[in-house]
Number of protein chains: 2
Amino acid sequence: MSDDKKKIYKPKVISGFPEWLPAERMVEQKWFDHIRSVFESYGYCSIETPSVEELDVISAKGEVDKEIYVLERLHKDDEDKSEARLALHFDQTVPLARYVAQHFNELIFPFKRYQMQRVWRGERPQMGRMREFYQCDIDVINVDHLPIHFDAEVAAIIYEVLDGIVGFAKPQLRISNRKILMGLLESIGIEDPVPVTRIIDKLEKIGKQDVAKLLESEGVTSNDAEQILTLVSSRPTTGSGEILDPSTALGMTPKNDQMQEGIEELSFVLDQLSHLPEGAVVADLSIVRGLDYYTGTVYETQLLDVPEFTGSVCSGGRYDDLAGSYINKHLPGVGISIGFSRLFDVMRQTHPDKLGIGRSSPADILMVLPNEEQREAASATARTLRERGYKVEMYHAPQKLKKQLAYAERKGIPYVWFPPFEDGQEHEVKDMANGEQASADPSAWVAG
Amino acid sequence: MSDDKKKIYKPKVISGFPEWLPAERMVEQKWFDHIRSVFESYGYCSIETPSVEELDVISAKGEVDKEIYVLERLHKDDEDKSEARLALHFDQTVPLARYVAQHFNELIFPFKRYQMQRVWRGERPQMGRMREFYQCDIDVINVDHLPIHFDAEVAAIIYEVLDGIVGFAKPQLRISNRKILMGLLESIGIEDPVPVTRIIDKLEKIGKQDVAKLLESEGVTSNDAEQILTLVSSRPTTGSGEILDPSTALGMTPKNDQMQEGIEELSFVLDQLSHLPEGAVVADLSIVRGLDYYTGTVYETQLLDVPEFTGSVCSGGRYDDLAGSYINKHLPGVGISIGFSRLFDVMRQTHPDKLGIGRSSPADILMVLPNEEQREAASATARTLRERGYKVEMYHAPQKLKKQLAYAERKGIPYVWFPPFEDGQEHEVKDMANGEQASADPSAWVAG
């Protein structure tokens, strides 16, 4: 504290830009590691795209309703005006489309990739929404035709991902196929399905009767409204073997080819997922959101044991043409995106113990520094243990043992290693969980 | 190709924002994994900070000479004006300082953290510089006093990091201690060291004679200039045991306490690194850059076998007070930062083979899909192998074997697995490296 008090700029939390303490970050890393390892275990490769795209690329599809952040140089000058405006990406689908178009000749199709990056939304801060967050996306893109196999594969992958990080919360994938409802709507002569699906989307909130009334006000006959409600209320379950005999599962026979195709696709997907535990995957014909974007399979996900998590943990579906705005090729795809940061944030607040948040050091062992004379020997012992795969933090000063132990305790380091305090003594290790201490050989010791 | 030709927006490369193909990205991931694993093996924890800081935080130290990008919402309105301006961080030191100040009461000191994130510089595109790149930083911060132990530890860590990713290029850490030169300059009565160090920095370019002349034009006597040149030309090497007997190593005895302290610190650091291979670390008193920022140990790094890599691969040093702009605490630190993306970019262009760039799939095995009837069995085999830790890509359609093999070949997948083509047959595995094919049991097979 010098006499000339300097100006202190006390930092504030920036709303919507989350930041974790080391103990939380360790769990976040564990989650990322697990997700990556599942993605790669199915042979999906990683890509990363820049944080920015040209504004014209992001808005090539004509929809700029997402809240976009543009970049400007603080010291900009006239030359900046001649450059394309750059915008932070708001999802990983637009960058994937641009990437596939740009590197089309260098990629191997079907192109199976995952991507785990931050995305940005220029939300108003007062809304409490995240403005920077991680998404973990997995997609497969192919040229002209994409086998339905992948619609099942990405679902299996996502279930395995969620089971490994929030299995205790009972994740459940809900799957539907857009063609079924679209086929029905087509068969009853509805030309624009958008207003009808918007009404159906209110089903959970306002109930069947009110939905029927609203449908009728849109010109749907009461008989047709009943058929629609029967369909979107059906929840054929997996594992029965007869899941998609339409007359029993959906309460009606297919009205046209589109509906028939949707039923067959959904049936194939559910069949391919029948190895998953009971309740892991359900068919749910009430999923109508995003139906203008997706063209076949659609996914949503719930945590059955965490009702406080509203909305879908991850969602996705099949799209007919990924990169039509950037390249003259027909590139159908299917994919699912995990809203990673919100999931992590909700779970860390509601279930910190289940997540294992606690330790704030990755070290397995704290190496005690007995005294200056033994520094060299203690360092060498730490190196030996590191070479054997242990993470070893070396204590930095020959302070009182009590202080060194307290440091290990606070950081949650599970073992404390005592190298010889003078030449000729034995090494000892203390297991901090049970307090037991025993002699040990650095080149042979194995953690309990 | 429909009749109504849609508008195609052909994407361009955005200069300064690098992006890799899957094969390069796989190596980049391997590098990140190695760096993280070395950092953690010494007990350093990971943190991540948001991509942005408030502009006032970034400019709290008064230096805004870095090229800063500020964010603006594309659809901004009057309410945006009341919010603090946000800027993308240009390094990880300012965010670390802000993080430590903000979470001071929740952190355990000495705070040992690593950070591997993207940073941004609003450079002019025509300069060919990266505008978005990864840095991998490691720092230790303590309250009031930071033991010199850490100056050696971070150097050992960085050498191990570089040895694991670019060991073939012979990385060499060059270490100095600011106090030695500053002590000498003080002893000869130089009040402002900045112009003198700027002249010394030209040594390599213009040679001793011209440096001496310039020093003399700054009022330094020819005798003092000679002393300065003797000091900054000295390269005491490690491992001699007498490395820092000043009269032999530096050609002079310490002139004052500051110089003596610098010699002792440098001596301790070199001594602690004597287990490293010959040439891994050298003392180099010519390092004078960044001397206004650092207060003791300073580091630079070269790749001896890659002369085309100009500048320092990573650099850092000890600073007296990290977060004085944000909190009224004295927080000395020491750290090193790897300019990851430039290193990776130079090496991928100059040494693609040494880096092992080639495969574009993480899969160990491609599972052949013999026919529709065997899909279920092939999937089950893939699951068995995955449970045993193998990464298995499942082929997506029952196409000709030749096509499935060609796919594995192109992606660089090392093994192709043939499940039974009909019930009762044996499994077989083909090793793509030598073409050998043999029968195998999915629950027992081990990759060669």
# chains A, B, ... in the order shown; residues from 1 in each chain; ligands from 1

call {"tool": "closest_atom_pairs", "arguments": {"of": "stretch 239-342 of chain B", "to": "stretch 173-194 of chain B", "cutoff": "10 Å", "atoms": "only C-alpha atoms", "output": "Markdown table"}}
result
| residue | atom | partner | partner_atom | distance |
| --- | --- | --- | --- | --- |
| B:Leu250 | CA | B:Ile180 | CA | 9.8 |
| B:Pro254 | CA | B:Leu184 | CA | 7.9 |
| B:Lys255 | CA | B:Ser187 | CA | 6.2 |
| B:Asn256 | CA | B:Gly183 | CA | 6.4 |
| B:Asp257 | CA | B:Gly183 | CA | 7.5 |
| B:Gln258 | CA | B:Gly183 | CA | 5.0 |
| B:Met259 | CA | B:Ile180 | CA | 4.3 |
| B:Gln260 | CA | B:Ile180 | CA | 7.2 |
| B:Glu261 | CA | B:Lys179 | CA | 7.1 |
| B:Gly262 | CA | B:Lys179 | CA | 4.6 |
| B:Ile263 | CA | B:Ile180 | CA | 6.3 |
| B:Glu264 | CA | B:Asn177 | CA | 9.5 |
| B:Glu265 | CA | B:Asn177 | CA | 7.5 |
| B:Leu266 | CA | B:Asn177 | CA | 6.0 |
| B:Ser267 | CA | B:Asn177 | CA | 9.6 |
| B:Val269 | CA | B:Ile175 | CA | 8.9 |
| B:Leu270 | CA | B:Ile175 | CA | 8.4 |
| B:Gly279 | CA | B:Leu173 | CA | 8.4 |
| B:Ala280 | CA | B:Leu173 | CA | 6.1 |
| B:Val281 | CA | B:Leu173 | CA | 4.7 |
| B:Val282 | CA | B:Arg174 | CA | 5.0 |
| B:Ala283 | CA | B:Ile175 | CA | 4.8 |
| B:Asp284 | CA | B:Ser176 | CA | 5.5 |
| B:Leu285 | CA | B:Ser176 | CA | 5.3 |
| B:Ser286 | CA | B:Ser176 | CA | 7.8 |
| B:Ile287 | CA | B:Ser176 | CA | 6.4 |
| B:Val288 | CA | B:Arg178 | CA | 7.5 |
| B:Arg289 | CA | B:Arg178 | CA | 9.8 |
| B:Gly290 | CA | B:Arg178 | CA | 9.6 |
| B:Leu291 | CA | B:Arg178 | CA | 6.6 |
| B:Asp292 | CA | B:Val194 | CA | 7.6 |
| B:Tyr294 | CA | B:Arg178 | CA | 7.4 |
| B:Thr295 | CA | B:Arg178 | CA | 6.0 |
| B:Gly296 | CA | B:Arg178 | CA | 4.8 |
| B:Thr297 | CA | B:Asn177 | CA | 4.2 |
| B:Val298 | CA | B:Ser176 | CA | 5.3 |
| B:Tyr299 | CA | B:Ile175 | CA | 4.7 |
| B:Glu300 | CA | B:Arg174 | CA | 5.1 |
| B:Thr301 | CA | B:Leu173 | CA | 4.5 |
| B:Gln302 | CA | B:Leu173 | CA | 6.7 |
| B:Leu303 | CA | B:Leu173 | CA | 9.0 |
| B:Ser312 | CA | B:Leu173 | CA | 9.6 |
| B:Val313 | CA | B:Leu173 | CA | 9.6 |
| B:Cys314 | CA | B:Leu173 | CA | 8.9 |
| B:Ser315 | CA | B:Leu173 | CA | 9.0 |
| B:Gly316 | CA | B:Ile175 | CA | 9.7 |
| B:Gly317 | CA | B:Asn177 | CA | 8.8 |
| B:Arg318 | CA | B:Asn177 | CA | 9.1 |

call {"tool": "select_by_dssp", "arguments": {"residues": "stretch 105-216 of chain A", "states": "helix (DSSP H, G or I)", "output": "PyMOL selection string"}}
result
chain A and resi 105-106+125-127+149-169+178-187+193-200+203-216

call {"tool": "select_by_dssp", "arguments": {"residues": "stretch 14-216 of chain A", "states": "strand (DSSP E)", "output": "PyMOL selection string"}}
result
chain A and resi 45-46+52-54+69-73+86-88+111-120+132-141+171-177

call {"tool": "write_last_selection", "arguments": {"atoms": "N, CA and C atoms", "output": "CSV table (one decimal), in the first residue's frame"}}
result
chain,number,residue,atom,x,y,z
A,45,CYS,N,-14.8,-37.0,-36.8
A,45,CYS,CA,-13.6,-36.2,-36.6
A,45,CYS,C,-14.0,-34.8,-36.1
A,46,SER,N,-13.0,-34.2,-35.5
A,46,SER,CA,-13.2,-32.8,-35.0
A,46,SER,C,-12.9,-31.8,-36.0
A,52,VAL,N,-15.5,-16.1,-36.2
A,52,VAL,CA,-16.2,-15.2,-37.0
A,52,VAL,C,-16.5,-15.7,-38.4
A,53,GLU,N,-17.6,-15.2,-39.0
A,53,GLU,CA,-17.8,-15.4,-40.4
A,53,GLU,C,-18.1,-14.0,-41.0
A,54,GLU,N,-18.0,-14.0,-42.3
A,54,GLU,CA,-18.4,-12.7,-43.0
A,54,GLU,C,-19.9,-12.5,-42.7
A,69,TYR,N,-23.5,-10.4,-33.1
A,69,TYR,CA,-22.5,-9.5,-32.7
A,69,TYR,C,-21.6,-9.2,-33.9
A,70,VAL,N,-21.3,-8.0,-34.3
A,70,VAL,CA,-20.3,-7.7,-35.3
A,70,VAL,C,-19.1,-7.2,-34.6
A,71,LEU,N,-17.9,-7.4,-35.2
A,71,LEU,CA,-16.7,-6.9,-34.7
A,71,LEU,C,-16.3,-5.5,-35.3
A,72,GLU,N,-15.7,-4.7,-34.5
A,72,GLU,CA,-15.1,-3.5,-35.1
A,72,GLU,C,-13.8,-3.2,-34.4
A,73,ARG,N,-12.8,-2.8,-35.2
A,73,ARG,CA,-11.5,-2.5,-34.6
A,73,ARG,C,-11.7,-1.2,-33.8
A,86,LEU,N,-17.3,-8.5,-40.2
A,86,LEU,CA,-17.1,-9.8,-39.6
A,86,LEU,C,-18.1,-9.9,-38.4
A,87,ALA,N,-18.7,-11.1,-38.3
A,87,ALA,CA,-19.7,-11.3,-37.2
A,87,ALA,C,-19.3,-12.6,-36.4
A,88,LEU,N,-19.5,-12.6,-35.1
A,88,LEU,CA,-19.3,-13.8,-34.3
A,88,LEU,C,-20.4,-14.8,-34.7
A,111,PHE,N,-19.4,-37.0,-44.6
A,111,PHE,CA,-18.5,-36.2,-43.8
A,111,PHE,C,-19.1,-36.2,-42.3
A,112,LYS,N,-18.4,-36.9,-41.5
A,112,LYS,CA,-18.9,-37.1,-40.1
A,112,LYS,C,-18.0,-36.3,-39.2
A,113,ARG,N,-18.6,-35.2,-38.7
A,113,ARG,CA,-17.8,-34.3,-37.8
A,113,ARG,C,-18.5,-33.9,-36.5
A,114,TYR,N,-17.7,-33.6,-35.5
A,114,TYR,CA,-18.2,-33.0,-34.3
A,114,TYR,C,-17.5,-31.7,-34.1
A,115,GLN,N,-18.1,-30.8,-33.4
A,115,GLN,CA,-17.6,-29.4,-33.2
A,115,GLN,C,-18.0,-29.0,-31.8
A,116,MET,N,-17.1,-28.5,-31.0
A,116,MET,CA,-17.4,-28.1,-29.6
A,116,MET,C,-16.7,-26.7,-29.4
A,117,GLN,N,-17.5,-25.7,-29.7
A,117,GLN,CA,-17.0,-24.3,-29.6
A,117,GLN,C,-17.9,-23.4,-28.9
A,118,ARG,N,-17.4,-22.2,-28.7
A,118,ARG,CA,-18.3,-21.2,-28.2
A,118,ARG,C,-19.1,-20.6,-29.3
A,119,VAL,N,-20.3,-20.2,-29.0
A,119,VAL,CA,-21.1,-19.4,-29.9
A,119,VAL,C,-21.6,-18.2,-29.2
A,120,TRP,N,-22.1,-17.2,-29.9
A,120,TRP,CA,-22.4,-15.9,-29.3
A,120,TRP,C,-23.8,-15.4,-29.7
A,132,GLU,N,-22.6,-15.9,-24.3
A,132,GLU,CA,-21.5,-16.7,-24.9
A,132,GLU,C,-21.7,-18.1,-24.2
A,133,PHE,N,-21.7,-19.1,-25.0
A,133,PHE,CA,-21.8,-20.4,-24.5
A,133,PHE,C,-21.3,-21.5,-25.5
A,134,TYR,N,-21.0,-22.7,-24.9
A,134,TYR,CA,-20.5,-23.8,-25.7
A,134,TYR,C,-21.7,-24.6,-26.3
A,135,GLN,N,-21.5,-25.0,-27.5
A,135,GLN,CA,-22.4,-26.0,-28.1
A,135,GLN,C,-21.5,-27.2,-28.5
A,136,CYS,N,-22.1,-28.4,-28.3
A,136,CYS,CA,-21.4,-29.6,-28.8
A,136,CYS,C,-22.3,-30.2,-29.9
A,137,ASP,N,-21.8,-30.1,-31.1
A,137,ASP,CA,-22.6,-30.5,-32.3
A,137,ASP,C,-22.0,-31.8,-32.9
A,138,ILE,N,-22.9,-32.6,-33.4
A,138,ILE,CA,-22.5,-33.7,-34.2
A,138,ILE,C,-23.4,-33.8,-35.4
A,139,ASP,N,-22.8,-33.9,-36.6
A,139,ASP,CA,-23.5,-33.9,-37.8
A,139,ASP,C,-22.9,-34.9,-38.8
A,140,VAL,N,-23.7,-35.4,-39.7
A,140,VAL,CA,-23.2,-36.1,-40.9
A,140,VAL,C,-23.8,-35.5,-42.1
A,141,ILE,N,-22.9,-35.3,-43.1
A,141,ILE,CA,-23.3,-34.6,-44.3
A,141,ILE,C,-22.9,-35.6,-45.5
A,171,PRO,N,-31.7,-39.0,-18.7
A,171,PRO,CA,-32.0,-38.4,-20.0
A,171,PRO,C,-32.9,-39.2,-20.9
A,172,GLN,N,-33.7,-38.6,-21.6
A,172,GLN,CA,-34.6,-39.3,-22.5
A,172,GLN,C,-34.7,-38.6,-23.8
A,173,LEU,N,-34.3,-39.4,-24.9
A,173,LEU,CA,-34.4,-38.8,-26.2
A,173,LEU,C,-35.9,-39.0,-26.7
A,174,ARG,N,-36.4,-38.0,-27.3
A,174,ARG,CA,-37.8,-38.1,-27.9
A,174,ARG,C,-37.6,-37.9,-29.4
A,175,ILE,N,-38.1,-38.8,-30.1
A,175,ILE,CA,-37.8,-38.8,-31.6
A,175,ILE,C,-39.2,-38.8,-32.3
A,176,SER,N,-39.2,-38.0,-33.4
A,176,SER,CA,-40.3,-38.1,-34.3
A,176,SER,C,-39.9,-38.0,-35.7
A,177,ASN,N,-40.8,-38.0,-36.6
A,177,ASN,CA,-40.4,-37.9,-38.0
A,177,ASN,C,-41.4,-36.9,-38.7

call {"tool": "atom_distance", "arguments": {"atom1": "atom CA of B:Val100", "atom2": "atom CA of B:Leu162"}}
result
27.3 Å

call {"tool": "atom_distance", "arguments": {"atom1": "atom CA of A:His89", "atom2": "atom CA of A:Ile336"}}
result
17.5 Å

call {"tool": "closest_residue", "arguments": {"among": "B:Val346, B:Leu322, B:Ala382, B:Val220", "to": "chain A", "atoms": "only C-alpha atoms"}}
result
B:Ala382

call {"tool": "closest_residue", "arguments": {"among": "B:Ala380, B:Val429, B:Ile200, B:Leu231", "to": "chain A", "atoms": "only C-alpha atoms"}}
result
B:Ala380

call {"tool": "closest_residue", "arguments": {"among": "A:Tyr42, A:Met130, A:Asp78, A:Pro420", "to": "A:Glu376", "atoms": "only C-alpha atoms"}}
result
A:Pro420

call {"tool": "residues_around", "arguments": {"residues": "A:Ala84", "least_positions_apart": "6", "cutoff": "9 Å", "atoms": "only C-alpha atoms", "output": "PyMOL selection string"}}
result
(chain A and resi 54-56) or (chain B and resi 14)

call {"tool": "closest_residue", "arguments": {"among": "A:Ala377, A:Ile58, A:Leu203, A:Leu74", "to": "chain B", "atoms": "only C-alpha atoms"}}
result
A:Leu74

call {"tool": "closest_residue", "arguments": {"among": "B:Ser217, B:Gln29, B:Asn142, B:Ser325", "to": "A:Lys10", "atoms": "only C-alpha atoms"}}
result
B:Ser325

call {"tool": "atom_distance", "arguments": {"atom1": "atom CA of A:Gly122", "atom2": "atom CA of B:His75"}}
result
8.7 Å
